[in-house]
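Below is one structure, written out as structure tokens; comments come after it.
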Amino acid sequence: MSGALEQDESLRLLALGDGFIYARALHLAAELSIADLLAEGPQPTKELARLTSTDPGTLHSMLRALAGCGVFTEVAQGCFGLTAVGERLRSDHPRSVRTTIAQSGRITARTFQHADHALRTGDGAFATAFGQPFWEFLRDHPEEGAAFDTAMQEHSRVERGAIVEAYDFPDTGRIVDVGGGDGTLLAAVLRARPGTTGVLFDLPHVVERNCIEEEGLTERCEITGGDIFGELPAGGDLYLMKSVLHGWNDSDVLTILRGCRRAMNPGSRLLLVERVIPPGDAAHTSKAFDFAMHVMAGGQERTGDEYARLLVEAGFAVGRFIPTGSVQSIVEALLPSSQT
């Protein structure tokens with residue numbers, strides 16, 4: 001019995017080590033837009049290979065591996081279709097994550113080839129892989145910058161409903177979304193609370209690609225370009241930062257939080273929407289993302305205690321930690337005079 005158990009444990013480690021094979025196959029399937037080609041129904045591998053300029057045998061092998069993960073299904077010998085999971089790789093699906101996964105294959109996978117650099121030095125490995133820091137790279141490569149914006153929009157589309165449902169957003173007042181990307185989350189909050197107005201704040205080239213007009217919210221939302229390390233829009237009743245602080249080290253986070261505190265009015269609140277690492281050994285997406293942020297940018301995910309410490313040091317009083325129906329949690333912070 002002990003020998004069988006030891007074998008099972010060894011096999012578990014081997015399977016874990018093989019995880020990158022499936023991830024890389026998924027990256028390539030997204031990059032090749034396989035799901036878009038299957039949108040109208042199953043296709044023979046040979047036809048998919050012709051449309052993607054790939055080798056039929058190797059493509060069949062890749063699709064079969066992903067079928068074993070529930071992404072595709074081999075409906076007949078050498079003929080593949082989409083599953084409900086695979087549908088989310090379609091570019092036109094309302095909950096598509098195709099751009100996120102494809103860009104991960106181009107950027108994250110390449111950066112992780114230098115993960116040992118991050119492990120030895122504590123510095124993010126992106127500049128080692130690409131020759132310049134992440135944000136400068138996106139600025140100088142607008143096609144990747146646009147893809148990153150789309151990827152962030154994909155995350156927000158998947159998560160926004162759970163976030164809006166989890167927190168009792170005010171019925172009136174001015175909501176400032178700091179580092180809000182294209183405004184997908186802010187738009188969801190404004191639609192849910194028709195008596196509110198909003199300010200979308202991010203880098204100028206980012207907010208240029210906002211969705212506020214197409215959401216019909218131009219009369220209720222200001223678009224402001226700027227730097228999160230500079231002056232933030234003042235006078236908001238609620239400040240919102242989603243997936244911003246995990247990209248920075250503690251020193252930078254304190255600078256951002258103090259800037260936000262200076263912009264806030266007495267009675268204003270701050271919501272941090274981030275992956276919060278739970279205690280113990282249980283698997284949680286925040287733990288993998290924590291390692292990824294260390295490798296990619298020298299940033300990190302944080303525990304509840306770590307967020308509380310940073311907020312107090314920046315001059316806030318910690319309110320509540322609110323789970324959502326997504327991988328994100330909401331950390332509520334108040335100015336000390338507003339603490340109840």
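Every chain in the structure tokens has a letter given in the order shown (A, B, ...), and although residue numbers restart at 1 in each chain, ligands are simply numbered from 1 in the order shown.
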Backbone-only DSSP, helix (DSSP H, G or I) members of stretch 148-324 of chain A, as a ChimeraX atom specification:
/A:148-166,184-192,204-207,245-247,250-263,285-297,304-313
Which residues come within 12 Å of A:Phe130, counting only C-alpha atoms, excluding same-chain residues fewer than 5 positions away, as an MDAnalysis selection string?
chainID A and resid 106:114 124:125 135:138 140:141 296
Those same residues - all heavy atoms - I'd like them written as a short mmCIF file (atom, residue, chain, number, x, y, z; two decimals), in the first residue's frame.
```
data_model
loop_
_atom_site.label_atom_id
_atom_site.label_comp_id
_atom_site.auth_asym_id
_atom_site.auth_seq_id
_atom_site.Cartn_x
_atom_site.Cartn_y
_atom_site.Cartn_z
N ARG A 106 2.02 35.35 -25.38
CA ARG A 106 3.08 36.18 -25.98
C ARG A 106 3.95 36.85 -24.94
O ARG A 106 5.14 37.06 -25.16
CB ARG A 106 2.44 37.26 -26.87
CG ARG A 106 1.67 36.74 -28.06
CD ARG A 106 1.31 37.87 -29.03
NE ARG A 106 0.55 38.94 -28.41
CZ ARG A 106 -0.77 38.98 -28.31
NH1 ARG A 106 -1.50 37.96 -28.78
NH2 ARG A 106 -1.40 40.00 -27.75
N ILE A 107 3.38 37.23 -23.81
CA ILE A 107 4.09 38.06 -22.84
C ILE A 107 4.42 37.31 -21.55
O ILE A 107 5.57 37.24 -21.14
CB ILE A 107 3.28 39.34 -22.55
CG1 ILE A 107 3.31 40.25 -23.79
CG2 ILE A 107 3.81 40.07 -21.34
CD1 ILE A 107 2.58 41.55 -23.63
N THR A 108 3.40 36.74 -20.90
CA THR A 108 3.64 36.08 -19.62
C THR A 108 4.56 34.88 -19.79
O THR A 108 5.50 34.69 -19.01
CB THR A 108 2.32 35.65 -18.98
OG1 THR A 108 1.42 36.78 -18.93
CG2 THR A 108 2.54 35.13 -17.57
N ALA A 109 4.29 34.06 -20.80
CA ALA A 109 5.11 32.86 -21.00
C ALA A 109 6.56 33.23 -21.25
O ALA A 109 7.49 32.58 -20.74
CB ALA A 109 4.55 32.04 -22.15
N ARG A 110 6.79 34.27 -22.04
CA ARG A 110 8.16 34.71 -22.32
C ARG A 110 8.83 35.25 -21.07
O ARG A 110 10.01 34.97 -20.81
CB ARG A 110 8.15 35.75 -23.42
CG ARG A 110 9.52 36.28 -23.81
CD ARG A 110 9.43 37.15 -25.05
NE ARG A 110 10.63 37.95 -25.26
CZ ARG A 110 10.77 38.84 -26.24
NH1 ARG A 110 9.77 39.01 -27.10
NH2 ARG A 110 11.87 39.53 -26.37
N THR A 111 8.10 36.02 -20.29
CA THR A 111 8.67 36.56 -19.06
C THR A 111 9.03 35.45 -18.08
O THR A 111 10.06 35.51 -17.40
CB THR A 111 7.70 37.55 -18.40
OG1 THR A 111 7.34 38.56 -19.34
CG2 THR A 111 8.31 38.20 -17.17
N PHE A 112 8.18 34.42 -18.02
CA PHE A 112 8.43 33.34 -17.07
C PHE A 112 9.67 32.51 -17.43
O PHE A 112 10.16 31.76 -16.59
CB PHE A 112 7.19 32.44 -16.94
CG PHE A 112 6.38 32.74 -15.71
CD1 PHE A 112 5.61 33.89 -15.63
CD2 PHE A 112 6.43 31.91 -14.62
CE1 PHE A 112 4.88 34.18 -14.50
CE2 PHE A 112 5.70 32.19 -13.47
CZ PHE A 112 4.93 33.32 -13.41
N GLN A 113 10.17 32.66 -18.63
CA GLN A 113 11.45 32.03 -18.95
C GLN A 113 12.57 32.62 -18.10
O GLN A 113 13.64 32.01 -17.96
CB GLN A 113 11.76 32.21 -20.43
CG GLN A 113 10.83 31.44 -21.35
CD GLN A 113 11.13 31.70 -22.82
OE1 GLN A 113 12.01 32.48 -23.17
NE2 GLN A 113 10.38 31.04 -23.69
N HIS A 114 12.31 33.81 -17.53
CA HIS A 114 13.30 34.49 -16.70
C HIS A 114 12.84 34.56 -15.24
O HIS A 114 13.29 35.42 -14.48
CB HIS A 114 13.56 35.90 -17.24
CG HIS A 114 14.01 35.92 -18.67
ND1 HIS A 114 15.33 35.77 -19.03
CD2 HIS A 114 13.30 36.04 -19.82
CE1 HIS A 114 15.43 35.82 -20.35
NE2 HIS A 114 14.22 35.99 -20.85
N GLY A 124 11.05 42.26 -10.77
CA GLY A 124 10.28 41.67 -11.86
C GLY A 124 11.17 41.34 -13.05
O GLY A 124 12.18 42.02 -13.30
N ALA A 125 10.80 40.29 -13.78
CA ALA A 125 11.64 39.81 -14.87
C ALA A 125 11.20 40.34 -16.23
O ALA A 125 11.82 40.01 -17.25
CB ALA A 125 11.61 38.28 -14.90
N TRP A 135 5.05 48.96 -18.42
CA TRP A 135 4.19 50.05 -18.89
C TRP A 135 4.83 50.79 -20.06
O TRP A 135 4.14 51.24 -20.98
CB TRP A 135 3.87 51.00 -17.74
CG TRP A 135 3.09 50.34 -16.65
CD1 TRP A 135 3.53 50.05 -15.38
CD2 TRP A 135 1.75 49.83 -16.73
NE1 TRP A 135 2.55 49.41 -14.68
CE2 TRP A 135 1.45 49.26 -15.46
CE3 TRP A 135 0.80 49.81 -17.72
CZ2 TRP A 135 0.22 48.67 -15.19
CZ3 TRP A 135 -0.45 49.22 -17.45
CH2 TRP A 135 -0.71 48.67 -16.19
N GLU A 136 6.15 50.92 -20.05
CA GLU A 136 6.83 51.54 -21.19
C GLU A 136 6.70 50.67 -22.44
O GLU A 136 6.53 51.18 -23.55
CB GLU A 136 8.31 51.76 -20.86
CG GLU A 136 8.55 52.80 -19.79
CD GLU A 136 10.03 52.99 -19.50
OE1 GLU A 136 10.86 52.51 -20.30
OE2 GLU A 136 10.35 53.61 -18.46
N PHE A 137 6.77 49.36 -22.26
CA PHE A 137 6.61 48.44 -23.38
C PHE A 137 5.23 48.60 -24.01
O PHE A 137 5.10 48.67 -25.25
CB PHE A 137 6.81 47.00 -22.91
CG PHE A 137 6.53 45.96 -23.95
CD1 PHE A 137 7.50 45.61 -24.89
CD2 PHE A 137 5.30 45.33 -24.01
CE1 PHE A 137 7.24 44.65 -25.86
CE2 PHE A 137 5.03 44.36 -24.96
CZ PHE A 137 6.00 44.03 -25.90
N LEU A 138 4.19 48.65 -23.19
CA LEU A 138 2.83 48.81 -23.72
C LEU A 138 2.67 50.15 -24.44
O LEU A 138 2.00 50.24 -25.47
CB LEU A 138 1.80 48.69 -22.60
CG LEU A 138 1.67 47.32 -21.92
CD1 LEU A 138 0.54 47.35 -20.91
CD2 LEU A 138 1.45 46.20 -22.93
N ASP A 140 5.08 51.80 -25.99
CA ASP A 140 5.87 51.79 -27.22
C ASP A 140 5.41 50.74 -28.22
O ASP A 140 5.86 50.73 -29.37
CB ASP A 140 7.34 51.57 -26.89
CG ASP A 140 7.95 52.72 -26.10
OD1 ASP A 140 7.33 53.81 -26.10
OD2 ASP A 140 9.01 52.54 -25.49
N HIS A 141 4.54 49.83 -27.79
CA HIS A 141 3.98 48.80 -28.66
C HIS A 141 2.45 48.90 -28.58
O HIS A 141 1.81 48.15 -27.85
CB HIS A 141 4.46 47.41 -28.25
CG HIS A 141 5.94 47.22 -28.36
ND1 HIS A 141 6.82 47.71 -27.42
CD2 HIS A 141 6.70 46.63 -29.32
CE1 HIS A 141 8.06 47.41 -27.78
NE2 HIS A 141 8.01 46.76 -28.94
N MET A 296 6.39 39.03 -12.97
CA MET A 296 6.10 39.95 -14.07
C MET A 296 6.56 41.37 -13.77
O MET A 296 7.15 42.03 -14.62
CB MET A 296 4.60 39.96 -14.37
CG MET A 296 4.08 38.66 -14.97
SD MET A 296 4.75 38.33 -16.62
CE MET A 296 4.02 39.66 -17.56
#
```
Find the residues around A:Asp171 up to 7 Å (only C-alpha atoms counted), leave out those fewer than 4 positions away in its own chain, and share them as a PyMOL selection string.
chain A and resi 193+195-196
Give me the residues within 10 Å of stretch 32-40 of chain A as a ChimeraX atom specification, counting only C-alpha atoms and dropping any in the same chain fewer than 5 places off.
/A:26-27,47-49,51-54,63,71-72,80-83,86-93,98-99,102
Show me, as a VMD selection string, the residues that have an atom within 6 Å of A:Pro44 when counting only C-alpha atoms, minus same-chain residues fewer than 2 positions from it.
chain A and resid 46 to 47 78 to 79
Could you please take those selected residues and save N, CA, C and O atoms as an mmCIF file, in the first residue's frame?
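Contents of selection-v4.cif, freshly written:
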```
data_model
loop_
_atom_site.group_PDB
_atom_site.id
_atom_site.type_symbol
_atom_site.label_atom_id
_atom_site.label_comp_id
_atom_site.auth_asym_id
_atom_site.auth_seq_id
_atom_site.Cartn_x
_atom_site.Cartn_y
_atom_site.Cartn_z
ATOM 1 N N LYS A 46 -7.928 18.966 -40.730
ATOM 2 C CA LYS A 46 -7.234 19.374 -41.952
ATOM 3 C C LYS A 46 -7.687 20.754 -42.411
ATOM 4 O O LYS A 46 -6.871 21.568 -42.873
ATOM 5 N N GLU A 47 -8.982 21.045 -42.279
ATOM 6 C CA GLU A 47 -9.480 22.360 -42.673
ATOM 7 C C GLU A 47 -8.994 23.433 -41.699
ATOM 8 O O GLU A 47 -8.605 24.531 -42.110
ATOM 9 N N GLY A 78 -10.819 13.101 -35.885
ATOM 10 C CA GLY A 78 -10.190 14.218 -36.576
ATOM 11 C C GLY A 78 -11.091 15.408 -36.832
ATOM 12 O O GLY A 78 -10.750 16.274 -37.639
ATOM 13 N N CYS A 79 -12.202 15.490 -36.118
ATOM 14 C CA CYS A 79 -13.149 16.612 -36.299
ATOM 15 C C CYS A 79 -13.505 17.180 -34.934
ATOM 16 O O CYS A 79 -14.004 16.454 -34.064
#
```
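Considering the residues A:Glu208, A:Glu222, A:Asp149, A:Asp237 and counting only C-alpha atoms, A:Leu334 has its shortest atom-to-atom contact with A:Asp237.
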Could you tell me how far atom CA of A:Val85 sits from atom CA of A:Gly41, in Å to one decimal place?
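A separation of 14.7 Å between them.
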Taking only residues of stretch 279-306 of chain A that have an atom at most 7 Å from an atom of stretch 249-252 of chain A, what is each one's shortest atom pair and its distance in Å to one decimal, using only C-alpha atoms, in chain and number order, as CSV?
```
residue,atom,partner,partner_atom,distance
A:Gly298,CA,A:Asn249,CA,6.6
A:Gly299,CA,A:Asn249,CA,5.1
A:Gln300,CA,A:Asn249,CA,7.0
```
Selection export as a compact mmCIF listing (two decimals), in the first residue's frame, atoms kept: C-alpha atoms:
```txt
# COMPACT_ATOMS: atom_id res chain seq x y z
CA GLY A 298 7.89 42.98 -8.88
CA GLY A 299 4.35 43.44 -7.57
CA GLN A 300 2.33 41.08 -5.41
```
Kindly assemble as a Markdown table a list of the stretch 201-289 of chain A residues that lie within 10 Å of stretch 185-190 of chain A, each paired with its nearest atom pair and their distance in Å to one decimal, using only C-alpha atoms, sorted first by chain and then by ascending residue number.
```
| residue | atom | partner | partner_atom | distance |
| --- | --- | --- | --- | --- |
| A:Cys211 | CA | A:Ala187 | CA | 8.0 |
| A:Ile212 | CA | A:Ala187 | CA | 6.7 |
| A:Glu213 | CA | A:Ala187 | CA | 9.9 |
| A:Glu215 | CA | A:Ala187 | CA | 7.0 |
| A:Gly216 | CA | A:Ala187 | CA | 9.2 |
| A:Leu217 | CA | A:Ala187 | CA | 7.4 |
| A:Arg220 | CA | A:Leu190 | CA | 8.2 |
| A:Cys221 | CA | A:Leu190 | CA | 8.6 |
| A:Leu240 | CA | A:Leu186 | CA | 8.6 |
| A:Lys242 | CA | A:Leu185 | CA | 8.6 |
```
Contacts of stretch 228-230 of chain A within 8 Å, only C-alpha atoms, excl. fewer than 3 positions in-chain, as a list in words
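Listing them by chain and then by number gives Val178, Gly179, Asp202, Thr255, Ile256 and Gly259 of chain A.
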Quote the spacing between atom CA of A:Ala317 and atom CA of A:Thr224 in Å to one decimal place.
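Computing it gives 27.5 Å between the two atoms.
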Using DSSP secondary structure from the backbone, list all strand (DSSP E) positions within stretch 117-273 of chain A, as a ChimeraX atom specification.
/A:173-178,196-202,221-225,238-242,269-273
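Here atom CA of A:Val176 and atom CA of A:Ala151 stand 21.5 Å from one another.
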Pick from A:Arg64, A:Arg139, A:Arg269, A:His155, whichever lies nearest to A:Pro336 using only C-alpha atoms
A:Arg269
At a cut-off of 12 Å, using only C-alpha atoms, what residues contact A:Phe321? Leave out same-chain residues fewer than 2 positions from it and give the result as a compact mmCIF listing (two decimals) with N, CA, C and O atoms, in the first residue's frame.
```
# COMPACT_ATOMS: atom_id res chain seq x y z
N ALA A 166 -22.00 42.55 -4.79
CA ALA A 166 -21.45 42.31 -3.45
C ALA A 166 -21.43 43.56 -2.58
O ALA A 166 -21.48 43.44 -1.35
N TYR A 167 -21.36 44.74 -3.20
CA TYR A 167 -21.21 45.97 -2.41
C TYR A 167 -22.41 46.87 -2.59
O TYR A 167 -22.93 47.03 -3.69
N LEU A 271 -12.59 51.88 -2.13
CA LEU A 271 -12.74 50.44 -2.32
C LEU A 271 -11.57 49.92 -3.13
O LEU A 271 -11.30 50.40 -4.24
N LEU A 272 -10.86 48.96 -2.57
CA LEU A 272 -9.81 48.25 -3.29
C LEU A 272 -10.39 46.91 -3.73
O LEU A 272 -10.84 46.12 -2.89
N VAL A 273 -10.41 46.67 -5.02
CA VAL A 273 -10.90 45.40 -5.54
C VAL A 273 -9.68 44.60 -6.00
O VAL A 273 -9.05 44.93 -7.00
N GLU A 274 -9.33 43.60 -5.22
CA GLU A 274 -8.10 42.84 -5.45
C GLU A 274 -8.31 41.38 -5.06
O GLU A 274 -9.23 41.05 -4.30
N ARG A 275 -7.44 40.52 -5.54
CA ARG A 275 -7.38 39.16 -5.02
C ARG A 275 -6.76 39.22 -3.63
O ARG A 275 -5.65 39.73 -3.46
N VAL A 276 -7.44 38.70 -2.64
CA VAL A 276 -6.93 38.70 -1.27
C VAL A 276 -6.53 37.27 -0.91
O VAL A 276 -7.36 36.35 -0.99
N ILE A 277 -5.28 37.08 -0.52
CA ILE A 277 -4.76 35.74 -0.25
C ILE A 277 -5.33 35.22 1.07
O ILE A 277 -5.15 35.86 2.12
N PRO A 278 -5.99 34.08 1.06
CA PRO A 278 -6.52 33.52 2.32
C PRO A 278 -5.42 32.77 3.06
O PRO A 278 -4.41 32.37 2.47
N THR A 303 -2.33 39.51 1.56
CA THR A 303 -3.31 39.01 2.51
C THR A 303 -4.14 40.18 3.04
O THR A 303 -3.79 41.36 2.85
N GLY A 304 -5.21 39.85 3.73
CA GLY A 304 -6.01 40.90 4.35
C GLY A 304 -5.21 41.71 5.35
O GLY A 304 -5.32 42.94 5.41
N ASP A 305 -4.37 41.04 6.14
CA ASP A 305 -3.55 41.76 7.12
C ASP A 305 -2.57 42.71 6.43
O ASP A 305 -2.31 43.81 6.92
N TYR A 307 -2.98 44.21 3.47
CA TYR A 307 -3.72 45.39 3.00
C TYR A 307 -4.07 46.31 4.17
O TYR A 307 -3.97 47.54 4.06
N ALA A 308 -4.48 45.73 5.28
CA ALA A 308 -4.83 46.54 6.44
C ALA A 308 -3.64 47.35 6.92
O ALA A 308 -3.76 48.55 7.25
N VAL A 318 -9.51 50.93 8.37
CA VAL A 318 -9.97 49.77 7.60
C VAL A 318 -11.43 49.49 7.92
O VAL A 318 -11.82 49.43 9.09
N GLY A 319 -12.23 49.37 6.88
CA GLY A 319 -13.63 49.04 7.05
C GLY A 319 -13.86 47.54 7.03
O GLY A 319 -13.53 46.83 7.97
N PRO A 323 -16.13 39.43 0.40
CA PRO A 323 -15.94 38.52 -0.73
C PRO A 323 -16.96 38.81 -1.82
O PRO A 323 -18.04 39.36 -1.55
N THR A 324 -16.62 38.46 -3.03
CA THR A 324 -17.58 38.57 -4.14
C THR A 324 -17.73 37.18 -4.76
O THR A 324 -17.03 36.25 -4.41
N GLN A 328 -12.16 38.06 -7.06
CA GLN A 328 -11.83 39.32 -6.40
C GLN A 328 -12.56 39.47 -5.07
O GLN A 328 -13.65 38.94 -4.87
N SER A 329 -11.94 40.21 -4.17
CA SER A 329 -12.58 40.65 -2.93
C SER A 329 -12.57 42.17 -2.90
O SER A 329 -11.81 42.82 -3.63
N ILE A 330 -13.39 42.74 -2.05
CA ILE A 330 -13.45 44.19 -1.87
C ILE A 330 -12.92 44.54 -0.49
O ILE A 330 -13.38 44.00 0.52
N VAL A 331 -11.93 45.42 -0.47
CA VAL A 331 -11.39 45.93 0.79
C VAL A 331 -11.89 47.37 0.93
O VAL A 331 -11.56 48.23 0.12
N GLU A 332 -12.68 47.62 1.94
CA GLU A 332 -13.27 48.94 2.16
C GLU A 332 -12.41 49.73 3.15
O GLU A 332 -12.04 49.21 4.21
N ALA A 333 -12.09 50.97 2.79
CA ALA A 333 -11.30 51.82 3.67
C ALA A 333 -11.99 53.17 3.80
O ALA A 333 -12.64 53.66 2.88
```
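Remark: for A:Leu257, the closest of the candidate residues A:Leu270, A:Ala15, A:Ala147, A:Thr73 is A:Leu270 (distances computed over only C-alpha atoms).
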